[in-house]
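Q: As input, take my_file-v1.cif (mmCIF, C-alpha atoms, pLDDT in the B column; chains and numbers go by the auth columns):
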data_data
loop_
_atom_site.group_PDB
_atom_site.id
_atom_site.type_symbol
_atom_site.label_atom_id
_atom_site.label_comp_id
_atom_site.label_asym_id
_atom_site.label_seq_id
_atom_site.Cartn_x
_atom_site.Cartn_y
_atom_site.Cartn_z
_atom_site.B_iso_or_equiv
_atom_site.auth_seq_id
_atom_site.auth_asym_id
ATOM 1 C CA MET A 1 -28.877 26.154 -77.728 62.00 1 A
ATOM 2 C CA ASN A 2 -31.388 28.845 -76.822 69.00 2 A
ATOM 3 C CA GLN A 3 -32.195 32.051 -78.723 71.00 3 A
ATOM 4 C CA ARG A 4 -30.021 34.215 -76.488 80.00 4 A
ATOM 5 C CA GLU A 5 -27.007 31.954 -77.062 81.00 5 A
ATOM 6 C CA ILE A 6 -27.615 32.004 -80.812 76.00 6 A
ATOM 7 C CA ALA A 7 -27.698 35.816 -80.669 79.00 7 A
ATOM 8 C CA LYS A 8 -24.394 35.806 -78.790 86.00 8 A
ATOM 9 C CA THR A 9 -22.714 33.628 -81.429 84.00 9 A
ATOM 10 C CA LYS A 10 -23.619 36.285 -83.998 82.00 10 A
ATOM 11 C CA MET A 11 -22.154 39.078 -81.857 89.00 11 A
ATOM 12 C CA TYR A 12 -18.867 37.386 -80.915 91.00 12 A
ATOM 13 C CA PRO A 13 -17.171 37.424 -84.400 90.00 13 A
ATOM 14 C CA ALA A 14 -18.131 41.064 -85.049 90.00 14 A
ATOM 15 C CA LEU A 15 -16.653 42.072 -81.698 93.00 15 A
ATOM 16 C CA TYR A 16 -13.417 40.251 -82.520 93.00 16 A
ATOM 17 C CA ILE A 17 -13.095 42.082 -85.850 93.00 17 A
ATOM 18 C CA PHE A 18 -13.620 45.374 -84.015 93.00 18 A
ATOM 19 C CA LEU A 19 -11.007 44.560 -81.364 93.00 19 A
ATOM 20 C CA THR A 20 -8.386 43.534 -83.923 92.00 20 A
ATOM 21 C CA ASP A 21 -8.941 46.516 -86.198 93.00 21 A
ATOM 22 C CA PRO A 22 -5.576 48.314 -86.686 92.00 22 A
ATOM 23 C CA LEU A 23 -6.952 51.684 -85.532 92.00 23 A
ATOM 24 C CA ASN A 24 -8.237 50.176 -82.310 93.00 24 A
ATOM 25 C CA ALA A 25 -5.005 48.239 -81.857 91.00 25 A
ATOM 26 C CA ILE A 26 -3.179 51.571 -81.754 93.00 26 A
ATOM 27 C CA ILE A 27 -5.437 52.781 -78.955 95.00 27 A
ATOM 28 C CA ILE A 28 -4.745 49.739 -76.771 94.00 28 A
ATOM 29 C CA ALA A 29 -1.136 49.316 -77.893 93.00 29 A
ATOM 30 C CA ASN A 30 0.307 50.089 -74.447 93.00 30 A
ATOM 31 C CA ASP A 31 -2.453 48.332 -72.507 95.00 31 A
ATOM 32 C CA ASN A 32 -0.978 44.872 -71.954 96.00 32 A
ATOM 33 C CA PRO A 33 -3.924 43.475 -69.943 96.00 33 A
ATOM 34 C CA PHE A 34 -6.410 44.538 -72.617 96.00 34 A
ATOM 35 C CA LYS A 35 -4.254 43.151 -75.421 95.00 35 A
ATOM 36 C CA ALA A 36 -3.908 39.852 -73.562 96.00 36 A
ATOM 37 C CA ALA A 37 -7.683 39.722 -73.151 95.00 37 A
ATOM 38 C CA VAL A 38 -8.165 40.228 -76.903 95.00 38 A
ATOM 39 C CA ILE A 39 -5.770 37.364 -77.691 95.00 39 A
ATOM 40 C CA GLU A 40 -7.552 35.088 -75.226 96.00 40 A
ATOM 41 C CA TYR A 41 -10.893 36.175 -76.678 95.00 41 A
ATOM 42 C CA GLY A 42 -9.809 35.127 -80.175 93.00 42 A
ATOM 43 C CA ALA A 43 -8.811 31.671 -78.910 94.00 43 A
ATOM 44 C CA LYS A 44 -12.093 31.208 -77.024 94.00 44 A
ATOM 45 C CA LEU A 45 -14.069 32.363 -80.065 92.00 45 A
ATOM 46 C CA LEU A 46 -12.750 29.397 -82.033 91.00 46 A
ATOM 47 C CA VAL A 47 -13.809 27.084 -79.198 91.00 47 A
ATOM 48 C CA VAL A 48 -17.327 28.544 -79.122 89.00 48 A
ATOM 49 C CA ASN A 49 -17.742 28.237 -82.887 85.00 49 A
ATOM 50 C CA ASN A 50 -16.528 24.633 -82.906 85.00 50 A
ATOM 51 C CA CYS A 51 -18.804 23.704 -80.009 85.00 51 A
ATOM 52 C CA ALA A 52 -21.789 25.298 -81.758 80.00 52 A
ATOM 53 C CA ILE A 53 -21.498 23.218 -84.929 75.00 53 A
ATOM 54 C CA PRO A 54 -23.107 19.953 -83.701 73.00 54 A
ATOM 55 C CA LEU A 55 -25.880 21.797 -81.834 73.00 55 A
ATOM 56 C CA SER A 56 -27.420 23.856 -84.606 62.00 56 A
ATOM 57 C CA ILE A 57 -28.314 21.249 -87.224 52.00 57 A
ATOM 58 C CA ASP A 58 -30.784 18.377 -87.640 49.00 58 A
ATOM 59 C CA ASN A 59 -30.483 14.881 -89.130 50.00 59 A
ATOM 60 C CA THR A 60 -32.849 14.837 -92.106 56.00 60 A
ATOM 61 C CA VAL A 61 -31.619 12.936 -95.210 68.00 61 A
ATOM 62 C CA TYR A 62 -27.988 13.095 -94.098 76.00 62 A
ATOM 63 C CA SER A 63 -25.395 13.062 -96.902 84.00 63 A
ATOM 64 C CA GLN A 64 -21.635 12.777 -96.457 83.00 64 A
ATOM 65 C CA ALA A 65 -21.124 14.281 -99.916 89.00 65 A
ATOM 66 C CA LYS A 66 -23.159 17.325 -98.890 91.00 66 A
ATOM 67 C CA THR A 67 -21.115 17.652 -95.704 89.00 67 A
ATOM 68 C CA ASP A 68 -17.836 17.416 -97.626 92.00 68 A
ATOM 69 C CA ALA A 69 -18.980 20.020 -100.149 95.00 69 A
ATOM 70 C CA LYS A 70 -20.056 22.328 -97.336 95.00 70 A
ATOM 71 C CA GLY A 71 -16.681 21.971 -95.613 94.00 71 A
ATOM 72 C CA LYS A 72 -14.740 22.777 -98.770 96.00 72 A
ATOM 73 C CA MET A 73 -16.851 25.875 -99.407 97.00 73 A
ATOM 74 C CA ALA A 74 -16.587 27.010 -95.781 95.00 74 A
ATOM 75 C CA ASP A 75 -12.817 26.564 -95.670 95.00 75 A
ATOM 76 C CA GLU A 76 -12.286 28.500 -98.898 97.00 76 A
ATOM 77 C CA ALA A 77 -14.746 31.231 -97.891 97.00 77 A
ATOM 78 C CA ALA A 78 -12.899 31.708 -94.601 95.00 78 A
ATOM 79 C CA ALA A 79 -9.488 31.662 -96.310 96.00 79 A
ATOM 80 C CA LEU A 80 -10.416 34.238 -98.960 97.00 80 A
ATOM 81 C CA SER A 81 -12.192 36.426 -96.416 96.00 81 A
ATOM 82 C CA GLY A 82 -9.144 36.271 -94.162 95.00 82 A
ATOM 83 C CA ARG A 83 -6.825 37.392 -96.942 96.00 83 A
ATOM 84 C CA ALA A 84 -9.243 40.153 -97.900 96.00 84 A
ATOM 85 C CA LEU A 85 -9.458 41.258 -94.268 94.00 85 A
ATOM 86 C CA VAL A 86 -5.695 41.775 -94.117 95.00 86 A
ATOM 87 C CA ALA A 87 -5.771 43.963 -97.233 95.00 87 A
ATOM 88 C CA LEU A 88 -8.758 46.008 -96.082 95.00 88 A
ATOM 89 C CA ASN A 89 -7.332 46.524 -92.600 92.00 89 A
ATOM 90 C CA LYS A 90 -4.131 47.925 -94.103 93.00 90 A
ATOM 91 C CA LEU A 91 -6.284 50.480 -95.916 94.00 91 A
ATOM 92 C CA ASN A 92 -8.391 51.207 -92.813 92.00 92 A
ATOM 93 C CA LYS A 93 -11.528 50.105 -94.659 92.00 93 A
ATOM 94 C CA THR A 94 -13.233 48.948 -91.477 88.00 94 A
ATOM 95 C CA THR A 95 -16.783 49.067 -92.837 89.00 95 A
ATOM 96 C CA GLU A 96 -15.981 46.636 -95.622 91.00 96 A
ATOM 97 C CA ALA A 97 -13.834 44.471 -93.341 91.00 97 A
ATOM 98 C CA GLY A 98 -16.652 44.178 -90.829 89.00 98 A
ATOM 99 C CA GLN A 99 -18.832 42.402 -93.404 92.00 99 A
ATOM 100 C CA LEU A 100 -16.450 39.466 -93.828 94.00 100 A
ATOM 101 C CA HIS A 101 -16.815 36.067 -92.163 93.00 101 A
ATOM 102 C CA ILE A 102 -13.308 34.787 -91.470 92.00 102 A
ATOM 103 C CA PHE A 103 -14.170 31.571 -89.613 91.00 103 A
ATOM 104 C CA ALA A 104 -15.214 28.379 -91.421 91.00 104 A
ATOM 105 C CA SER A 105 -17.512 27.606 -88.497 89.00 105 A
ATOM 106 C CA ASP A 106 -19.537 30.720 -89.367 89.00 106 A
ATOM 107 C CA TYR A 107 -20.726 28.728 -92.394 93.00 107 A
ATOM 108 C CA MET A 108 -20.637 25.207 -90.985 89.00 108 A
ATOM 109 C CA HIS A 109 -23.045 25.762 -88.081 85.00 109 A
ATOM 110 C CA LEU A 110 -25.761 27.148 -90.365 88.00 110 A
ATOM 111 C CA SER A 111 -28.467 25.083 -92.041 87.00 111 A
ATOM 112 C CA ASP A 112 -27.791 24.274 -95.693 91.00 112 A
ATOM 113 C CA PRO A 113 -30.029 27.013 -97.183 92.00 113 A
ATOM 114 C CA GLU A 114 -28.513 29.623 -94.855 93.00 114 A
ATOM 115 C CA ALA A 115 -24.936 28.412 -95.476 94.00 115 A
ATOM 116 C CA ILE A 116 -25.450 28.464 -99.242 96.00 116 A
ATOM 117 C CA ALA A 117 -26.865 31.982 -99.064 95.00 117 A
ATOM 118 C CA LEU A 118 -23.973 33.180 -96.900 95.00 118 A
ATOM 119 C CA GLY A 119 -21.447 31.429 -99.140 97.00 119 A
ATOM 120 C CA GLN A 120 -22.859 33.105 -102.225 97.00 120 A
ATOM 121 C CA SER A 121 -23.081 36.505 -100.552 96.00 121 A
ATOM 122 C CA THR A 122 -19.427 36.166 -99.501 97.00 122 A
ATOM 123 C CA HIS A 123 -18.469 35.594 -103.139 97.00 123 A
ATOM 124 C CA ASP A 124 -20.560 38.539 -104.302 97.00 124 A
ATOM 125 C CA LEU A 125 -19.119 40.759 -101.572 96.00 125 A
ATOM 126 C CA LEU A 126 -15.511 39.920 -102.440 97.00 126 A
ATOM 127 C CA ALA A 127 -16.175 40.275 -106.169 97.00 127 A
ATOM 128 C CA GLY A 128 -18.027 43.571 -105.782 95.00 128 A
ATOM 129 C CA ALA A 129 -16.740 47.014 -106.636 95.00 129 A
ATOM 130 C CA ALA A 130 -16.508 48.012 -102.966 94.00 130 A
ATOM 131 C CA ILE A 131 -13.879 45.376 -102.143 96.00 131 A
ATOM 132 C CA PHE A 132 -12.377 43.605 -105.168 97.00 132 A
ATOM 133 C CA PRO A 133 -10.259 46.534 -106.470 96.00 133 A
ATOM 134 C CA PHE A 134 -8.504 46.716 -103.096 96.00 134 A
ATOM 135 C CA ILE A 135 -7.745 42.991 -102.703 97.00 135 A
ATOM 136 C CA SER A 136 -6.821 42.043 -106.264 96.00 136 A
ATOM 137 C CA PRO A 137 -4.555 40.568 -107.410 95.00 137 A
ATOM 138 C CA ASP A 138 -2.140 40.246 -104.483 95.00 138 A
ATOM 139 C CA TYR A 139 -4.626 38.994 -101.902 96.00 139 A
ATOM 140 C CA VAL A 140 -7.522 37.519 -103.892 96.00 140 A
ATOM 141 C CA THR A 141 -7.559 36.974 -107.653 97.00 141 A
ATOM 142 C CA ALA A 142 -10.404 36.666 -110.118 97.00 142 A
ATOM 143 C CA GLN A 143 -9.469 33.001 -110.557 97.00 143 A
ATOM 144 C CA ASN A 144 -9.722 32.481 -106.790 97.00 144 A
ATOM 145 C CA LEU A 145 -13.275 33.773 -106.892 97.00 145 A
ATOM 146 C CA LEU A 146 -14.130 31.701 -109.951 97.00 146 A
ATOM 147 C CA ASP A 147 -12.896 28.552 -108.227 97.00 147 A
ATOM 148 C CA TYR A 148 -14.755 29.493 -105.047 98.00 148 A
ATOM 149 C CA GLN A 149 -17.992 30.032 -106.990 97.00 149 A
ATOM 150 C CA GLY A 150 -17.576 26.476 -108.245 97.00 150 A
ATOM 151 C CA LEU A 151 -17.460 25.227 -104.637 97.00 151 A
ATOM 152 C CA VAL A 152 -20.639 27.142 -103.786 97.00 152 A
ATOM 153 C CA THR A 153 -22.392 25.730 -106.852 97.00 153 A
ATOM 154 C CA THR A 154 -21.258 22.179 -106.073 96.00 154 A
ATOM 155 C CA TYR A 155 -22.426 22.451 -102.481 96.00 155 A
ATOM 156 C CA SER A 156 -25.770 23.906 -103.545 95.00 156 A
ATOM 157 C CA GLY A 157 -26.339 21.196 -106.172 94.00 157 A
ATOM 158 C CA THR A 158 -25.330 18.171 -104.080 93.00 158 A
ATOM 159 C CA GLN A 159 -28.323 16.115 -102.954 88.00 159 A
ATOM 160 C CA GLY A 160 -29.130 15.496 -99.295 86.00 160 A
ATOM 161 C CA THR A 161 -28.276 17.530 -96.214 86.00 161 A
ATOM 162 C CA SER A 162 -25.043 18.234 -94.368 84.00 162 A
ATOM 163 C CA ALA A 163 -26.834 17.908 -91.023 74.00 163 A
ATOM 164 C CA ALA A 164 -25.097 15.607 -88.590 59.00 164 A
ATOM 165 C CA VAL A 165 -26.709 12.239 -87.899 52.00 165 A
ATOM 166 C CA HIS A 166 -26.701 13.150 -84.220 48.00 166 A
ATOM 167 C CA ALA A 167 -27.495 16.820 -83.700 56.00 167 A
ATOM 168 C CA GLY A 168 -25.542 17.262 -80.510 64.00 168 A
ATOM 169 C CA SER A 169 -25.190 15.104 -77.416 72.00 169 A
ATOM 170 C CA PRO A 170 -25.640 16.251 -73.813 77.00 170 A
ATOM 171 C CA GLU A 171 -21.858 16.454 -73.636 83.00 171 A
ATOM 172 C CA ASP A 172 -21.808 18.724 -76.722 82.00 172 A
ATOM 173 C CA LEU A 173 -24.337 21.025 -75.078 83.00 173 A
ATOM 174 C CA LYS A 174 -22.351 21.044 -71.831 88.00 174 A
ATOM 175 C CA ASN A 175 -19.151 21.969 -73.678 89.00 175 A
ATOM 176 C CA PHE A 176 -20.928 24.735 -75.606 88.00 176 A
ATOM 177 C CA LYS A 177 -22.361 26.305 -72.471 91.00 177 A
ATOM 178 C CA LYS A 178 -18.934 26.143 -70.775 93.00 178 A
ATOM 179 C CA ALA A 179 -17.403 27.883 -73.802 92.00 179 A
ATOM 180 C CA ILE A 180 -20.103 30.575 -73.692 93.00 180 A
ATOM 181 C CA LEU A 181 -19.417 31.209 -69.997 94.00 181 A
ATOM 182 C CA ALA A 182 -15.679 31.424 -70.653 94.00 182 A
ATOM 183 C CA ILE A 183 -15.935 33.958 -73.478 95.00 183 A
ATOM 184 C CA ASP A 184 -18.549 35.986 -71.593 95.00 184 A
ATOM 185 C CA GLY A 185 -16.105 36.134 -68.688 95.00 185 A
ATOM 186 C CA ILE A 186 -13.453 37.595 -70.971 96.00 186 A
ATOM 187 C CA ILE A 187 -15.924 40.191 -72.261 95.00 187 A
ATOM 188 C CA ALA A 188 -16.775 41.106 -68.660 95.00 188 A
ATOM 189 C CA ASP A 189 -13.059 41.593 -67.945 95.00 189 A
ATOM 190 C CA MET A 190 -12.697 43.777 -71.035 95.00 190 A
ATOM 191 C CA PHE A 191 -15.608 45.941 -69.875 95.00 191 A
ATOM 192 C CA LEU A 192 -13.747 46.570 -66.620 96.00 192 A
ATOM 193 C CA LEU A 193 -10.491 47.287 -68.440 95.00 193 A
ATOM 194 C CA ALA A 194 -12.245 49.531 -70.977 94.00 194 A
ATOM 195 C CA ALA A 195 -13.558 51.839 -68.260 94.00 195 A
ATOM 196 C CA SER A 196 -10.265 53.707 -68.399 94.00 196 A
ATOM 197 C CA TYR A 197 -11.063 54.714 -71.998 95.00 197 A
ATOM 198 C CA LYS A 198 -14.102 56.795 -71.047 94.00 198 A
ATOM 199 C CA LYS A 199 -11.934 59.920 -71.041 92.00 199 A
ATOM 200 C CA GLU A 200 -12.510 62.392 -73.835 89.00 200 A
ATOM 201 C CA ALA A 201 -9.549 61.381 -76.009 92.00 201 A
ATOM 202 C CA THR A 202 -10.673 57.737 -76.263 94.00 202 A
ATOM 203 C CA SER A 203 -14.395 58.017 -75.554 94.00 203 A
ATOM 204 C CA ALA A 204 -15.277 57.131 -79.152 94.00 204 A
ATOM 205 C CA PHE A 205 -13.419 53.820 -78.781 95.00 205 A
ATOM 206 C CA TYR A 206 -15.208 53.103 -75.512 95.00 206 A
ATOM 207 C CA SER A 207 -18.644 53.853 -76.971 95.00 207 A
ATOM 208 C CA ALA A 208 -17.955 51.726 -80.025 94.00 208 A
ATOM 209 C CA PHE A 209 -16.731 48.857 -77.850 95.00 209 A
ATOM 210 C CA VAL A 210 -19.891 48.945 -75.740 94.00 210 A
ATOM 211 C CA ALA A 211 -22.030 48.968 -78.887 93.00 211 A
ATOM 212 C CA GLN A 212 -20.155 46.063 -80.464 92.00 212 A
ATOM 213 C CA ALA A 213 -20.411 43.984 -77.283 91.00 213 A
ATOM 214 C CA ALA A 214 -24.178 44.403 -77.058 89.00 214 A
ATOM 215 C CA ILE A 215 -26.141 41.181 -77.533 84.00 215 A
ATOM 216 C CA PRO A 216 -28.457 41.441 -80.571 76.00 216 A
ATOM 217 C CA ALA A 217 -32.184 41.626 -79.886 70.00 217 A
ATOM 218 C CA VAL A 218 -33.855 38.267 -79.350 60.00 218 A
ATOM 219 C CA HIS A 219 -37.279 38.022 -80.989 55.00 219 A
ATOM 220 C CA VAL A 220 -39.828 35.884 -79.197 50.00 220 A
ATOM 221 C CA ALA A 221 -43.532 35.218 -79.580 47.00 221 A
ATOM 222 C CA HIS A 222 -45.624 37.644 -77.569 46.00 222 A
ATOM 223 C CA THR A 223 -49.237 38.484 -76.846 47.00 223 A
ATOM 224 C CA SER A 224 -50.780 41.800 -77.831 51.00 224 A
ATOM 225 C CA MET A 225 -53.824 43.265 -76.117 52.00 225 A
ATOM 226 C CA SER A 226 -56.145 46.035 -77.244 54.00 226 A
ATOM 227 C CA LEU A 227 -58.665 47.784 -74.975 55.00 227 A
ATOM 228 C CA LEU A 228 -61.921 49.490 -75.788 56.00 228 A
ATOM 229 C CA VAL A 229 -63.409 51.612 -72.948 57.00 229 A
ATOM 230 C CA LYS A 230 -67.057 52.666 -73.149 55.00 230 A
ATOM 231 C CA PRO A 231 -69.187 54.551 -70.575 56.00 231 A
ATOM 232 C CA LYS A 232 -72.259 52.775 -69.230 54.00 232 A
ATOM 233 C CA LEU A 233 -75.488 54.547 -70.039 53.00 233 A
ATOM 234 C CA ARG A 234 -76.891 54.619 -66.490 53.00 234 A
ATOM 235 C CA ASN A 235 -73.752 55.691 -64.693 52.00 235 A
ATOM 236 C CA ARG A 236 -71.002 57.398 -66.666 50.00 236 A
ATOM 237 C CA LYS A 237 -68.555 56.992 -63.804 51.00 237 A
ATOM 238 C CA LYS A 238 -68.443 53.273 -64.463 50.00 238 A
ATOM 239 C CA TYR A 239 -66.880 51.798 -67.567 47.00 239 A
ATOM 240 C CA LEU A 240 -67.042 48.570 -69.505 48.00 240 A
ATOM 241 C CA ILE A 241 -63.691 47.315 -70.689 49.00 241 A
ATOM 242 C CA TRP A 242 -63.578 44.943 -73.655 49.00 242 A
ATOM 243 C CA PHE A 243 -60.457 42.863 -74.094 46.00 243 A
ATOM 244 C CA LYS A 244 -59.117 41.492 -77.324 47.00 244 A
ATOM 245 C CA ILE A 245 -56.126 39.233 -77.032 45.00 245 A
ATOM 246 C CA SER A 246 -54.249 37.740 -79.931 44.00 246 A
ATOM 247 C CA ASN A 247 -50.998 35.803 -80.259 45.00 247 A
ATOM 248 C CA ALA A 248 -48.343 37.459 -82.384 40.00 248 A
#
Rewrite the coordinates I just gave you, this time as structure tokens.

A:
Amino acid sequence: MNQREIAKTKMYPALYIFLTDPLNAIIIANDNPFKAAVIEYGAKLLVVNNCAIPLSIDNTVYSQAKTDAKGKMADEAAALSGRALVALNKLNKTTEAGQLHIFASDYMHLSDPEAIALGQSTHDLLAGAAIFPFISPDYVTAQNLLDYQGLVTTYSGTQGTSAAVHAGSPEDLKNFKKAILAIDGIIADMFLLAASYKKEATSAFYSAFVAQAAIPAVHVAHTSMSLLVKPKLRNRKKYLIWFKISNA
């Protein structure tokens, strides 16, 4: 899995949340091809996430107990976030909804430190003043969050690593790349379908769609170069150029 593919896996869930937002659903309500593309996109997103799991982890000090604890936390985090998403969408609280991770694979494909941090931040987000008053008690209760915190704590405190013994086979990589191509094809179709929304009445939707579908920046090592130009004493039309190159 290269850096560009990792960046894509971070963009895909956010785009799905945007596409399924109730306000956006109203805009595309009578656009059957676009709606069909969104449904297909959701199905392919699950495939991509599942294919990514065995490719993004190593095999150091593997522990089945750690893996089990991670799975329980991830499943509960996804379940609570999903219930919260329904409540927030009904209230058109799209900013808060966009911060939720509703797929267990969002947690499972991360390394243990990253998964623990995301698991804890999910708890804190749901329990915070910006979200909890709107989801409690019908969608998520205080007891739900207390129980979930216990899962995060158990996962964090379990010795070992949840990393798979085999961190992805050639077949796993092949399946992942096929899934990436498939979901990128759907996004390409949606770009073509979305062109009809450039008109003034729906231009905001089109602009937001384009922004959401943008692949996040990929940071790579690069080389910086600074130049110092000095005139030669005998002939000021000629210059000495000093180069300083350093790896960033």

Q: Calculate how many Å separate atom CA of Asp172 of chain A from atom CA of Ala52 of chain A, rounding to one decimal.

A: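 About the pair atom CA of Asp172 of chain A and atom CA of Ala52 of chain A: they are 8.3 Å apart.
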
Q: Residues at most 7 Å from Met73 of chain A, counting all atoms listed in the file, excluding those fewer than 4 positions away in the same chain, as number ranges by chain?

A: A: 69, 77, 151-152

Q: Given all atoms listed in the file as the basis, pick out the residue of A:Leu15, A:Ile6, A:Ala87, A:Ala104 nearest to Phe209 of chain A.

A: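 Ranked by minimum distance to Phe209 of chain A, first place goes to A:Leu15.
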
Q: Given all atoms listed in the file as the basis, pick out the residue of A:Ala195, A:Ala217, A:Ala65, A:Met108 nearest to Tyr155 of chain A.

A: A:Ala65

Q: Using the chain letters and numbering of this document, enumerate as a ChimeraX atom specification the residues selected by the PyMOL selection byres ((chain A and resi 14) around 9).

A: /A:10-13,15-19,98-99,101,212-213

Q: For Asp138 of chain A, find every residue with an atom within 10 Å (counting all atoms listed in the file), except residues of its own chain fewer than 2 positions away, and show them as a ChimeraX atom specification.

A: /A:83-84,87,134-136,140-141

Q: Would you pick out the contacts of segment 36-40 of chain A at 9 Å or less, using all atoms listed in the file, so that residues sharing its chain but fewer than 2 positions from it are not included, and give the list as an MDAnalysis selection string?

A: chainID A and resid 16 19:20 31:34 42:45 183 186:187 189:190

Q: Quote the spacing between atom CA of His109 of chain A and atom CA of Thr67 of chain A in Å to one decimal place.

A: 11.3 Å

Q: Starting from the shown file, work through the PyMOL selection byres ((chain A and resi 159) around 8) and note down what comes out as a list in words.

A: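 That selection, the PyMOL selection byres ((chain A and resi 159) around 8), comes back as Ser63, Lys66, Gly157, Thr158, Gly160 and Thr161 of chain A.
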
Q: Export C-alpha atoms of the chosen residues as an mmCIF file, keeping the file's coordinate frame?

A:
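Saved file again31.cif follows:
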data_model
loop_
_atom_site.group_PDB
_atom_site.id
_atom_site.type_symbol
_atom_site.label_atom_id
_atom_site.label_comp_id
_atom_site.auth_asym_id
_atom_site.auth_seq_id
_atom_site.Cartn_x
_atom_site.Cartn_y
_atom_site.Cartn_z
ATOM 1 C CA SER A 63 -25.395 13.062 -96.902
ATOM 2 C CA LYS A 66 -23.159 17.325 -98.890
ATOM 3 C CA GLY A 157 -26.339 21.196 -106.172
ATOM 4 C CA THR A 158 -25.330 18.171 -104.080
ATOM 5 C CA GLY A 160 -29.130 15.496 -99.295
ATOM 6 C CA THR A 161 -28.276 17.530 -96.214
#

Q: Which is closest to Ala179 of chain A among A:Leu46, A:Leu192, A:Leu125, A:Ala7, if we use all atoms listed in the file?

A: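 Residue with the minimum atom-to-atom distance to Ala179 of chain A: A:Leu46.
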
Q: Compare A:Ala214, A:Leu145, A:Leu100, A:Ala115 by their minimum atom-to-atom distance to Leu88 of chain A, counting all atoms listed in the file, and give me the closest one.

A: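 Counting all atoms listed in the file, the residue closest to Leu88 of chain A is A:Leu100.
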
Q: Applied to the shown file, which residues does the PyMOL selection byres ((chain A and resi 206) around 12) return, written as a list of chain:residue names?

A: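 This file gives the following for the PyMOL selection byres ((chain A and resi 206) around 12): A:Phe18, A:Leu19, A:Asn24, A:Ile27, A:Ile28, A:Met190, A:Phe191, A:Leu192, A:Leu193, A:Ala194, A:Ala195, A:Ser196, A:Tyr197, A:Lys198, A:Lys199, A:Glu200, A:Ala201, A:Thr202, A:Ser203, A:Ala204, A:Phe205, A:Ser207, A:Ala208, A:Phe209, A:Val210, A:Ala211, A:Gln212, A:Ala213.
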
Q: Any idea what the distance is between atom CA of Pro54 of chain A and atom CA of Lys70 of chain A?

A: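 Atom-to-atom, atom CA of Pro54 of chain A to atom CA of Lys70 of chain A, that is 14.2 Å.
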
Q: May I ask which of the residues A:Asn30, A:Val86, A:Ile53, A:Glu76 is the closest one to Gly150 of chain A, counting only C-alpha atoms?

A: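 Once distances to Gly150 of chain A are computed over only C-alpha atoms, the minimum belongs to A:Glu76.
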